[in-house]
>>> print(open('entry05.txt').read())   # compact mmCIF, C-alpha atoms
# COMPACT_ATOMS: atom_id res chain seq x y z
CA MET A 26 0.00 0.00 0.00
CA PHE A 27 2.85 2.37 0.80
CA PHE A 28 4.32 1.86 -2.64
CA LEU A 29 1.04 2.55 -4.37
CA LEU A 30 0.59 5.77 -2.45
CA ARG A 31 3.96 6.84 -3.68
CA LEU A 32 2.94 6.31 -7.27
CA LEU A 33 -0.29 8.22 -6.75
CA CYS A 34 1.53 11.15 -5.24
CA PHE A 35 3.92 11.12 -8.13
CA TYR A 36 1.12 11.57 -10.67
CA ALA A 37 -1.35 13.51 -8.54
CA LEU A 38 -2.67 16.91 -9.60
CA GLY A 39 -3.55 19.62 -7.19
CA LEU A 40 -7.29 19.74 -6.40
CA GLY A 41 -9.17 22.31 -4.32
CA TYR A 42 -6.79 24.01 -2.00
CA GLY A 43 -3.81 21.67 -2.73
CA LYS A 44 -1.30 22.08 -5.58
CA LEU A 45 1.40 19.97 -7.20
CA VAL A 46 4.80 21.57 -6.80
CA ARG A 47 8.01 20.68 -8.53
CA GLY A 48 11.50 21.45 -7.38
CA GLN A 49 13.29 24.24 -9.13
CA ASP A 50 15.96 22.00 -10.45
CA ASP A 51 14.19 19.14 -12.18
CA THR A 52 16.92 18.29 -14.54
CA PRO A 53 17.24 14.57 -14.95
CA GLY A 54 19.91 13.00 -12.88
CA THR A 55 20.14 15.87 -10.41
CA GLY A 56 18.61 13.67 -7.63
CA THR A 57 15.56 15.84 -7.15
CA ARG A 58 11.99 14.45 -7.23
CA LEU A 59 8.45 15.63 -7.15
CA LEU A 60 6.64 15.70 -3.80
CA CYS A 61 2.97 15.90 -3.02
CA ARG A 62 2.37 18.57 -0.37
CA VAL A 63 -0.68 20.38 0.89
CA ILE A 64 -0.36 24.14 0.47
CA PRO A 65 -2.80 26.91 1.22
CA VAL A 66 -4.95 28.27 -1.56
CA GLY A 67 -3.25 31.16 -3.31
CA ALA A 68 0.21 30.39 -2.02
CA ASP A 69 3.18 30.34 -4.32
CA THR A 70 4.82 27.19 -5.46
CA CYS A 71 6.87 25.73 -2.70
CA LEU A 72 9.99 23.75 -3.42
CA VAL A 73 10.51 21.03 -0.90
CA PRO A 74 13.71 19.08 -1.15
CA VAL A 75 13.52 15.44 -0.44
CA GLY A 76 16.03 12.73 0.15
CA PRO A 77 17.26 10.31 -2.48
CA GLU A 78 14.91 7.62 -3.91
CA PRO A 79 14.96 4.19 -2.25
CA ASN A 80 16.97 1.53 -3.95
CA ALA A 81 15.02 -0.41 -6.65
CA ALA A 82 16.33 -3.75 -5.36
CA ALA A 83 14.83 -3.09 -1.92
CA GLN A 84 11.49 -2.28 -3.50
CA GLU A 85 11.59 -5.48 -5.55
CA GLU A 86 12.41 -7.53 -2.46
CA GLU A 87 9.51 -5.97 -0.56
CA LEU A 88 7.13 -6.77 -3.42
CA ARG A 89 8.40 -10.35 -3.57
CA ASN A 90 7.83 -10.87 0.17
CA THR A 91 4.32 -9.45 -0.07
CA ALA A 92 3.53 -11.77 -2.99
CA MET A 93 4.86 -14.78 -1.08
CA GLN A 94 2.72 -13.93 1.94
CA LEU A 95 -0.38 -13.58 -0.25
CA ARG A 96 0.36 -16.88 -1.98
CA GLU A 97 0.85 -18.69 1.32
CA THR A 98 -2.43 -17.26 2.61
CA ILE A 99 -4.24 -18.36 -0.56
CA LEU A 100 -2.79 -21.88 -0.33
CA GLN A 101 -3.83 -22.19 3.31
CA GLN A 102 -7.33 -21.03 2.50
CA LYS A 103 -7.51 -23.40 -0.49
CA GLU A 104 -6.45 -26.34 1.72
CA THR A 105 -9.08 -25.39 4.29
CA ILE A 106 -11.77 -25.20 1.60
CA VAL A 107 -10.74 -28.62 0.20
CA ASN A 108 -10.94 -30.15 3.68
CA GLN A 109 -14.35 -28.67 4.26
CA LEU A 110 -15.59 -29.90 0.89
CA GLY A 111 -14.51 -33.42 1.89
CA THR A 112 -16.39 -33.07 5.17
CA ILE A 113 -19.48 -31.86 3.28
CA ASN A 114 -19.29 -34.90 0.97
CA GLU A 115 -19.05 -37.24 3.97
CA LEU A 116 -22.01 -35.57 5.64
CA THR A 117 -24.02 -35.72 2.42
CA ALA A 118 -23.25 -39.44 2.01
CA LYS A 119 -24.20 -40.16 5.63
CA LEU A 120 -27.47 -38.21 5.24
CA SER A 121 -28.25 -40.19 2.11
CA LEU A 122 -27.65 -43.42 4.01
CA CYS A 123 -29.95 -42.25 6.81
CA GLU A 124 -32.67 -41.33 4.31
CA SER A 125 -32.21 -44.71 2.62
CA ALA A 126 -32.59 -46.40 6.01
CA SER A 127 -35.86 -44.56 6.60
CA ASP A 128 -37.22 -45.66 3.23
CA GLY A 129 -35.72 -49.13 3.43
CA GLY A 130 -38.25 -50.32 6.04
CA ASN A 131 -40.95 -50.36 3.36
CA LYS A 132 -38.88 -52.20 0.73
CA ASP A 133 -38.35 -55.91 1.31
CA ASN A 134 -37.40 -55.20 4.91
CA GLN A 135 -33.71 -54.85 3.90
CA ASN A 136 -30.97 -52.99 5.81
CA THR A 137 -30.02 -50.39 3.16
CA MET A 138 -27.78 -48.34 5.45
CA GLY A 139 -25.12 -51.01 5.34
CA ASP A 140 -23.33 -49.98 8.50
CA LEU A 141 -26.45 -49.71 10.65
CA PRO A 142 -27.59 -52.87 12.49
CA ARG A 143 -31.08 -54.22 12.21
CA ASP A 144 -31.68 -54.12 15.93
CA PRO A 145 -33.57 -50.89 16.85
CA ASN A 146 -31.44 -50.20 19.93
CA ASP A 147 -28.20 -50.67 17.94
CA THR A 148 -29.57 -48.36 15.25
CA ILE A 149 -30.20 -45.61 17.80
CA ASP A 150 -26.73 -46.09 19.32
CA ASN A 151 -25.12 -45.95 15.87
CA LEU A 152 -26.97 -42.79 14.89
CA GLY A 153 -26.05 -41.23 18.24
CA LYS A 154 -22.38 -42.02 17.63
CA THR A 155 -22.65 -40.51 14.15
CA MET A 156 -24.20 -37.35 15.59
CA GLN A 157 -21.44 -37.08 18.18
CA SER A 158 -18.79 -37.53 15.48
CA LEU A 159 -20.37 -34.80 13.37
CA LYS A 160 -20.53 -32.49 16.36
CA ASP A 161 -16.84 -33.14 17.05
CA ARG A 162 -16.03 -32.31 13.44
CA LEU A 163 -18.05 -29.12 13.66
CA GLU A 164 -16.14 -28.13 16.80
CA ASN A 165 -12.87 -28.80 14.97
CA LEU A 166 -14.05 -26.62 12.11
CA GLU A 167 -14.95 -23.83 14.53
CA GLN A 168 -11.51 -24.13 16.13
CA GLN A 169 -9.94 -23.92 12.67
CA GLN A 170 -12.02 -20.84 12.03
CA GLN A 171 -10.76 -19.27 15.24
CA ARG A 172 -7.16 -20.07 14.29
CA ALA A 173 -7.82 -18.66 10.84
CA ASN A 174 -9.22 -15.45 12.33
CA THR A 175 -6.18 -15.19 14.58
CA SER A 176 -3.79 -15.60 11.64
CA GLY A 177 -5.79 -13.16 9.52
CA THR A 178 -7.26 -15.84 7.22
CA SER A 179 -11.01 -15.73 6.66
CA PHE A 180 -13.17 -18.86 7.07
CA PRO A 181 -16.14 -19.24 4.70
CA SER A 182 -19.33 -18.66 6.71
CA GLU A 183 -21.33 -20.40 4.00
CA LEU A 184 -19.51 -23.67 4.72
CA ARG A 185 -20.22 -23.42 8.44
CA ASP A 186 -23.88 -22.67 7.81
CA LEU A 187 -24.10 -25.65 5.44
CA LEU A 188 -22.54 -27.95 8.02
CA GLN A 189 -24.89 -26.72 10.72
CA SER A 190 -27.84 -27.24 8.37
CA ARG A 191 -26.72 -30.79 7.61
CA LEU A 192 -26.25 -31.49 11.31
CA GLY A 193 -29.73 -30.19 12.01
CA ASP A 194 -31.16 -32.47 9.33
CA LEU A 195 -29.39 -35.46 10.85
CA GLU A 196 -30.74 -34.58 14.29
CA LYS A 197 -34.26 -34.50 12.84
CA GLN A 198 -33.65 -37.86 11.16
CA LEU A 199 -32.45 -39.33 14.46
CA LEU A 200 -35.45 -37.98 16.35
CA SER A 201 -37.84 -39.33 13.72
CA LYS A 202 -36.13 -42.72 13.81
CA VAL A 203 -36.37 -42.85 17.61
CA ASN A 204 -40.07 -41.94 17.51
CA ASN A 205 -40.76 -44.61 14.90
CA LEU A 206 -38.91 -47.23 16.92
CA GLU A 207 -40.84 -46.28 20.04
CA GLU A 208 -44.13 -46.61 18.15
CA GLU A 209 -43.08 -50.01 16.76
CA LYS A 210 -42.03 -51.12 20.23
CA SER A 211 -45.40 -50.04 21.64
CA LEU A 212 -47.29 -51.87 18.88
CA LEU A 213 -45.19 -54.99 19.38
CA TYR A 214 -45.84 -54.89 23.12
CA ASN A 215 -49.59 -54.52 22.55
CA GLU A 216 -49.62 -57.41 20.06
CA THR A 217 -47.60 -59.56 22.46
CA ALA A 218 -49.93 -58.73 25.34
CA ALA A 219 -52.98 -59.55 23.23
CA HIS A 220 -51.44 -62.85 22.10
CA ARG A 221 -50.52 -63.72 25.68
CA GLN A 222 -54.03 -62.89 26.86
CA LYS A 223 -55.55 -65.03 24.11
CA THR A 224 -53.21 -67.91 24.96
CA GLU A 225 -54.02 -67.67 28.66
CA SER A 226 -57.73 -67.61 27.86
CA THR A 227 -57.39 -70.74 25.71
CA LEU A 228 -55.38 -72.50 28.41
CA ASN A 229 -57.95 -71.55 31.04
CA SER A 230 -60.73 -72.93 28.86
CA LEU A 231 -58.83 -76.19 28.39
CA LEU A 232 -58.11 -76.40 32.11
CA THR A 233 -61.77 -75.84 32.90
CA ARG A 234 -62.74 -78.55 30.41
CA ILE A 235 -60.21 -80.98 31.91
CA ASN A 236 -61.50 -80.26 35.41
CA GLU A 237 -65.06 -80.89 34.25
CA LEU A 238 -64.04 -84.19 32.70
CA GLU A 239 -62.11 -85.25 35.79
CA LYS A 240 -65.02 -84.33 38.03
CA GLY A 241 -67.58 -85.87 35.72
CA GLY A 242 -68.78 -82.51 34.48
CA GLY A 243 -71.40 -82.14 31.80
CA GLY A 244 -70.81 -81.08 28.25
CA PHE A 245 -71.87 -84.38 26.65
CA LYS A 246 -74.50 -84.44 23.94
CA SER A 247 -76.85 -86.17 26.34
CA PRO A 248 -76.44 -87.46 29.94
CA GLU A 249 -75.91 -91.04 28.77
CA GLN A 250 -73.55 -90.26 25.85
CA PHE A 251 -70.28 -90.73 27.71
CA LYS A 252 -67.85 -93.52 28.42
CA LEU A 253 -65.66 -94.52 31.34
CA VAL A 254 -62.01 -94.98 30.30
CA LEU A 255 -59.74 -97.21 32.41
CA PRO A 256 -56.44 -97.40 30.50
CA LEU A 257 -54.21 -99.25 33.00
CA ARG A 258 -54.38 -102.43 34.99
CA THR A 259 -54.07 -101.04 38.53
CA ASN A 260 -55.87 -101.31 41.85
CA TYR A 261 -56.77 -97.62 42.02
CA LEU A 262 -58.49 -96.80 38.69
CA TYR A 263 -62.23 -97.39 38.78
CA GLY A 264 -65.70 -95.91 38.58
CA ARG A 265 -68.45 -96.04 41.19
CA MET A 266 -72.21 -95.76 40.79
CA THR A 267 -73.72 -93.38 43.30
CA LYS A 268 -76.92 -95.46 43.49
CA SER A 269 -77.30 -98.91 45.01
CA LEU A 270 -79.63 -101.81 44.26
CA PRO A 271 -82.83 -102.66 46.02
CA GLU A 272 -83.74 -106.23 46.94
CA MET A 273 -84.35 -108.03 43.66
CA TYR A 274 -85.57 -111.45 42.61
CA ALA A 275 -84.58 -110.95 38.98
CA PHE A 276 -82.42 -108.56 37.00
CA THR A 277 -81.08 -107.69 33.57
CA LEU A 278 -77.60 -106.15 33.32
CA CYS A 279 -76.59 -104.59 29.96
CA MET A 280 -73.55 -102.55 28.90
CA TRP A 281 -71.29 -101.54 26.03
CA LEU A 282 -67.63 -102.45 26.50
CA ARG A 283 -64.39 -102.47 24.54
CA SER A 284 -61.17 -104.14 25.66
CA SER A 285 -58.10 -105.78 24.18
CA ALA A 286 -56.44 -106.68 27.48
CA GLY A 287 -54.93 -110.05 28.09
CA PRO A 288 -54.94 -112.44 29.66
CA GLY A 289 -58.58 -111.67 30.47
CA ILE A 290 -60.36 -108.34 30.36
CA GLY A 291 -60.66 -108.22 34.16
CA THR A 292 -63.77 -107.16 36.09
CA PRO A 293 -66.05 -104.71 34.27
CA PHE A 294 -68.81 -104.96 36.92
CA SER A 295 -69.05 -105.93 40.60
CA TYR A 296 -71.70 -105.48 43.28
CA GLY A 297 -70.82 -106.17 46.90
CA VAL A 298 -72.94 -106.04 50.04
CA PRO A 299 -71.99 -106.36 53.69
CA GLY A 300 -71.11 -109.97 54.34
CA GLN A 301 -70.91 -110.83 50.62
CA ALA A 302 -68.43 -108.94 48.42
CA ASN A 303 -69.35 -111.10 45.39
CA GLU A 304 -73.12 -110.57 45.33
CA ILE A 305 -73.02 -109.93 41.56
CA VAL A 306 -69.71 -110.07 39.63
CA LEU A 307 -68.87 -110.18 35.92
CA ILE A 308 -65.22 -111.16 35.51
CA GLU A 309 -62.69 -112.61 33.07
CA TRP A 310 -59.24 -113.25 34.53
CA GLY A 311 -56.33 -115.37 33.42
CA ASN A 312 -57.22 -117.76 30.62
CA ASN A 313 -60.65 -118.50 32.06
CA PRO A 314 -63.84 -117.59 30.16
CA ILE A 315 -66.09 -114.77 31.33
CA GLU A 316 -67.82 -115.78 34.54
CA LEU A 317 -70.99 -114.58 36.24
CA LEU A 318 -70.93 -114.78 40.05
CA ILE A 319 -74.12 -114.46 42.11
CA ASN A 320 -73.77 -114.88 45.85
CA ASP A 321 -70.36 -116.37 45.13
CA LYS A 322 -71.87 -119.02 42.85
CA VAL A 323 -70.29 -119.25 39.36
CA ALA A 324 -71.56 -119.75 35.80
CA GLN A 325 -69.28 -119.59 32.77
CA LEU A 326 -70.61 -117.48 29.89
CA PRO A 327 -69.90 -118.19 26.18
CA LEU A 328 -68.93 -114.57 25.43
CA SER A 329 -65.85 -113.33 23.55
CA VAL A 330 -65.09 -109.62 23.79
CA ARG A 331 -61.29 -109.50 23.91
CA ASP A 332 -60.76 -108.15 20.36
CA GLY A 333 -60.51 -104.39 20.98
CA ARG A 334 -63.93 -103.66 19.42
CA TRP A 335 -67.14 -102.35 20.92
CA HIS A 336 -69.57 -105.07 22.01
CA HIS A 337 -73.01 -104.89 23.54
CA ILE A 338 -73.59 -107.59 26.20
CA CYS A 339 -76.60 -108.39 28.40
CA ILE A 340 -76.98 -110.85 31.28
CA THR A 341 -80.39 -111.89 32.62
CA TRP A 342 -81.06 -113.86 35.81
CA THR A 343 -84.00 -114.88 37.94
CA THR A 344 -84.02 -116.41 41.41
CA ARG A 345 -86.56 -118.99 40.23
CA ASP A 346 -84.42 -122.03 39.51
CA GLY A 347 -81.44 -119.71 39.04
CA LEU A 348 -82.07 -119.30 35.31
CA TRP A 349 -79.63 -117.13 33.36
CA GLU A 350 -79.07 -116.04 29.74
CA ALA A 351 -76.10 -114.35 28.03
CA TYR A 352 -76.43 -112.02 24.98
CA GLN A 353 -73.66 -110.55 22.83
CA ASP A 354 -74.42 -107.89 20.18
CA GLY A 355 -78.15 -108.71 20.40
CA GLN A 356 -77.76 -112.45 20.00
CA ARG A 357 -78.33 -115.01 22.77
CA LEU A 358 -75.18 -117.10 22.94
CA GLY A 359 -75.84 -119.15 26.06
CA ALA A 360 -78.26 -119.98 28.88
CA GLY A 361 -78.30 -122.09 32.06
CA ASP A 362 -79.92 -122.67 35.42
CA ASN A 363 -79.22 -123.48 39.04
CA LEU A 364 -77.19 -120.31 39.54
CA ALA A 365 -77.91 -119.29 43.16
CA PRO A 366 -81.55 -120.41 42.91
CA TRP A 367 -84.08 -118.81 45.25
CA HIS A 368 -81.51 -116.28 46.42
CA PRO A 369 -82.75 -112.71 46.44
CA ILE A 370 -80.21 -109.97 45.53
CA LYS A 371 -79.47 -108.07 48.74
CA PRO A 372 -79.89 -104.29 48.82
CA GLY A 373 -77.63 -101.47 50.02
CA GLY A 374 -74.35 -102.56 48.45
CA ALA A 375 -71.69 -100.81 46.32
CA ILE A 376 -71.55 -100.92 42.53
CA ILE A 377 -67.93 -100.72 41.30
CA LEU A 378 -66.94 -100.51 37.63
CA GLY A 379 -63.51 -101.84 36.72
CA GLN A 380 -62.49 -103.59 39.98
CA GLU A 381 -63.40 -106.76 41.90
CA GLN A 382 -64.27 -106.12 45.56
CA ASP A 383 -62.82 -108.17 48.39
CA ILE A 384 -64.67 -105.98 50.89
CA VAL A 385 -67.56 -103.68 50.14
CA GLY A 386 -66.20 -100.81 48.05
CA GLY A 387 -62.50 -101.68 48.35
CA ARG A 388 -59.46 -103.94 48.69
CA PHE A 389 -58.98 -104.28 44.96
CA ASP A 390 -56.58 -106.66 43.18
CA ALA A 391 -54.76 -105.21 40.17
CA THR A 392 -54.66 -108.60 38.43
CA GLN A 393 -58.48 -108.60 38.32
CA ALA A 394 -58.86 -104.97 37.16
CA PHE A 395 -60.67 -104.16 33.92
CA VAL A 396 -58.67 -102.47 31.16
CA GLY A 397 -60.68 -100.72 28.44
CA GLU A 398 -63.83 -98.62 28.06
CA LEU A 399 -67.34 -99.00 29.49
CA SER A 400 -70.57 -97.22 28.64
CA GLN A 401 -74.35 -97.32 29.17
CA VAL A 402 -74.30 -99.71 32.12
CA ASN A 403 -78.01 -100.17 32.97
CA ILE A 404 -79.86 -102.51 35.39
CA TRP A 405 -83.49 -103.53 35.42
CA ASP A 406 -85.27 -105.51 38.15
CA ASN A 407 -86.82 -107.88 35.62
CA VAL A 408 -85.81 -110.08 32.71
CA LEU A 409 -85.94 -108.12 29.44
CA LYS A 410 -87.35 -109.68 26.30
CA PRO A 411 -84.87 -110.73 23.61
CA SER A 412 -86.46 -108.20 21.22
CA ASP A 413 -85.78 -105.35 23.68
CA ILE A 414 -82.17 -106.41 23.98
CA LEU A 415 -81.81 -106.59 20.20
CA THR A 416 -83.17 -103.07 19.62
CA MET A 417 -80.59 -101.68 22.04
CA ALA A 418 -77.76 -103.68 20.45
CA ASN A 419 -78.57 -102.62 16.86
CA CYS A 420 -79.08 -98.94 17.85
CA SER A 421 -82.80 -98.99 17.11
CA SER A 422 -83.59 -97.59 20.57
CA TYR A 423 -82.07 -96.81 23.93
CA THR A 424 -83.85 -97.81 27.13
CA PRO A 425 -82.36 -96.73 30.49
CA GLY A 426 -82.48 -99.12 33.43
CA ASN A 427 -85.41 -98.75 35.83
CA VAL A 428 -83.18 -99.50 38.87
CA VAL A 429 -79.79 -98.07 37.84
CA SER A 430 -79.39 -95.97 34.71
CA TRP A 431 -76.25 -94.65 33.02
CA LEU A 432 -76.19 -90.96 33.83
CA ASP A 433 -73.24 -88.61 33.96
CA SER A 434 -74.29 -87.34 37.38
CA ASP A 435 -74.54 -90.91 38.78
CA VAL A 436 -71.02 -92.10 37.88
CA GLU A 437 -67.94 -91.09 39.89
CA VAL A 438 -64.36 -91.57 38.63
CA PHE A 439 -61.39 -92.39 40.85
CA GLY A 440 -57.65 -92.48 40.13
CA GLY A 441 -55.39 -90.39 37.93
CA GLY A 442 -55.75 -91.58 34.35
CA ALA A 443 -59.37 -92.68 34.63
CA ALA A 444 -61.77 -90.32 32.87
CA LYS A 445 -65.20 -89.77 31.44
CA LEU A 446 -65.12 -88.86 27.75
CA PRO A 447 -67.74 -88.33 25.03
CA LEU A 448 -69.09 -91.56 23.57
CA GLU A 449 -69.03 -92.37 19.88
CA LEU A 450 -72.33 -92.54 18.07
CA CYS A 451 -74.16 -95.81 18.43
CA GLN A 452 -73.97 -96.34 14.67
CA ASP A 453 -70.17 -96.01 14.85
CA ARG A 454 -70.01 -98.64 17.58
CA LEU A 455 -72.33 -100.88 15.60
CA SER A 456 -70.13 -100.58 12.49
CA GLU A 457 -67.19 -101.80 14.58
CA THR A 458 -69.05 -104.91 15.68
CA GLU A 459 -70.00 -105.72 12.08
CA SER A 460 -66.54 -105.17 10.61
>>> encode(input="entry05.txt", output="structure tokens")
Amino acid sequence: MFFLLRLLCFYALGLGYGKLVRGQDDTPGTGTRLLCRVIPVGADTCLVPVGPEPNAAAQEEELRNTAMQLRETILQQKETIVNQLGTINELTAKLSLCESASDGGNKDNQNTMGDLPRDPNDTIDNLGKTMQSLKDRLENLEQQQQRANTSGTSFPSELRDLLQSRLGDLEKQLLSKVNNLEEEKSLLYNETAAHRQKTESTLNSLLTRINELEKGGGGFKSPEQFKLVLPLRTNYLYGRMTKSLPEMYAFTLCMWLRSSAGPGIGTPFSYGVPGQANEIVLIEWGNNPIELLINDKVAQLPLSVRDGRWHHICITWTTRDGLWEAYQDGQRLGAGDNLAPWHPIKPGGAIILGQEQDIVGGRFDATQAFVGELSQVNIWDNVLKPSDILTMANCSSYTPGNVVSWLDSDVEVFGGGAAKLPLELCQDRLSETES
């Protein structure tokens, strides 16, 4: 600047109240030079002698130093701008990745950000680390700006504003991502809670149903459409009729049964009274045929039911001459007499299904237990006609016993594993017997 002022003074003209004065001796080579001075208006020309001109080499050196300083400043500023452009490119790429991640959730559920994990919590942590890194870079840029201001180098404010704008956009992206993840987490929790509630409701319904079955609860199509299941040969699985028998001089005992146990199906029916545990017993044990015991007297029956299919059997007896008859699937297969003749059936005993009684209602022997399924055990106090027995066996009609009838409320189940379950249709049972 000093050099330029010199040149201006050299060529300046006097304006207003100033004039350009020249020394009296301006002959070339005399060492005199023109000088710019302020003189009052109207004054004469004033000759002011000046010293000799500075050396040209010194002026050239000064200009060279100034140029070097300007070049160094320009190079520093250029390097700063290049660095900031690189930072802007990195921020732009990261913002593009964030935007791609926001849109990627609706496209094939792919992780388009590449370096962001699929887990929502890891995504938030990663974005937070990115934000912190960007903030650190911005602080470094501000420190560079301060150093540039100290050294006299200007820092582009447009670059700082652009970085701050990008950082603000990333903060908005992070906040939006966090809000979306919170909403998804809330929806997932609600869906999980609803699924858990539905599962618990289903389990409660099943538990209630199991309890009803174990306690002999209802739910069957009709009170007699159930079966007693005794799956194991033990001395603790059995059923018990809540009603007892009156004094009888004749009876008919009918039932549906299915068993494949061996040897012998065991004891499907027993009636014991005080002083006589074998008042009425139907039993098949070992390799013996099915036997009917009345007052401990025995008759062997020509029945065969050990094939795993449903069979309808009926036994009739009368105290007169001790006559008896045996029916299987509606057909009379055998008859006899002199079975406890003139002995009336005593009242007030216990009817047990599946076990043989050694005392009234107890002291069971596992080797004599029934294994299989029983249903529609009915007792009449008279001898039924063969036609009545046939209609029940071929599913033409169902007649409950007039003394003991097969009702859900009248049958109790004892022992874990024993149960009352719905009974197949009569036609289904009949098709088994015919096949």
>>> residues_around(input="entry05.txt", residues="range 433-450 of chain A", least_positions_apart="3", cutoff="6 Å", atoms="all atoms listed in the file", output="list of chain:residue names")
A:Leu238, A:Glu239, A:Phe245, A:Pro248, A:Gln250, A:Phe251, A:Lys252, A:Leu253, A:Val254, A:Leu255, A:Tyr261, A:Leu262, A:Tyr263, A:Gly264, A:Arg265, A:Met266, A:Thr267, A:Asp453
>>> residues_around(input="entry05.txt", residues="range 378-390 of chain A", least_positions_apart="4", cutoff="8 Å", atoms="all atoms listed in the file", output="ChimeraX atom specification")
/A:255,259-266,291-299,301-303,306,308,374,394-396
>>> atom_distance(input="entry05.txt", atom1="CA of Cys279 in chain A", atom2="CA of Ile404 in chain A")
6.7 Å
>>> residues_around(input="entry05.txt", residues="Ser422 in chain A", least_positions_apart="5", cutoff="9 Å", atoms="all atoms listed in the file", output="ChimeraX atom specification")
/A:413,416-417
>>> atom_distance(input="entry05.txt", atom1="CA of Thr117 in chain A", atom2="CA of Glu164 in chain A")
18.1 Å
>>> closest_residue(input="entry05.txt", among="A:Ile305, A:Ile99, A:Cys451, A:Cys420", to="Ala275 in chain A", atoms="only C-alpha atoms")
A:Ile305
>>> closest_residue(input="entry05.txt", among="A:Arg357, A:Trp431, A:Gln109, A:Glu207", to="Asn165 in chain A", atoms="only C-alpha atoms")
A:Gln109
>>> closest_residue(input="entry05.txt", among="A:Pro366, A:Asn204, A:Glu398, A:Ala219", to="Ser284 in chain A", atoms="all atoms listed in the file")
A:Glu398
>>> residues_around(input="entry05.txt", residues="Lys410 in chain A", least_positions_apart="6", cutoff="12 Å", atoms="only C-alpha atoms", output="ChimeraX atom specification")
/A:276-277,339-341,350,352,355-357,416-417
>>> atom_distance(input="entry05.txt", atom1="CA of Leu358 in chain A", atom2="CA of Asp321 in chain A")
22.7 Å
>>> closest_residue(input="entry05.txt", among="A:Glu309, A:Val402, A:Gln353, A:Lys246", to="Ile414 in chain A", atoms="only C-alpha atoms")
A:Gln353
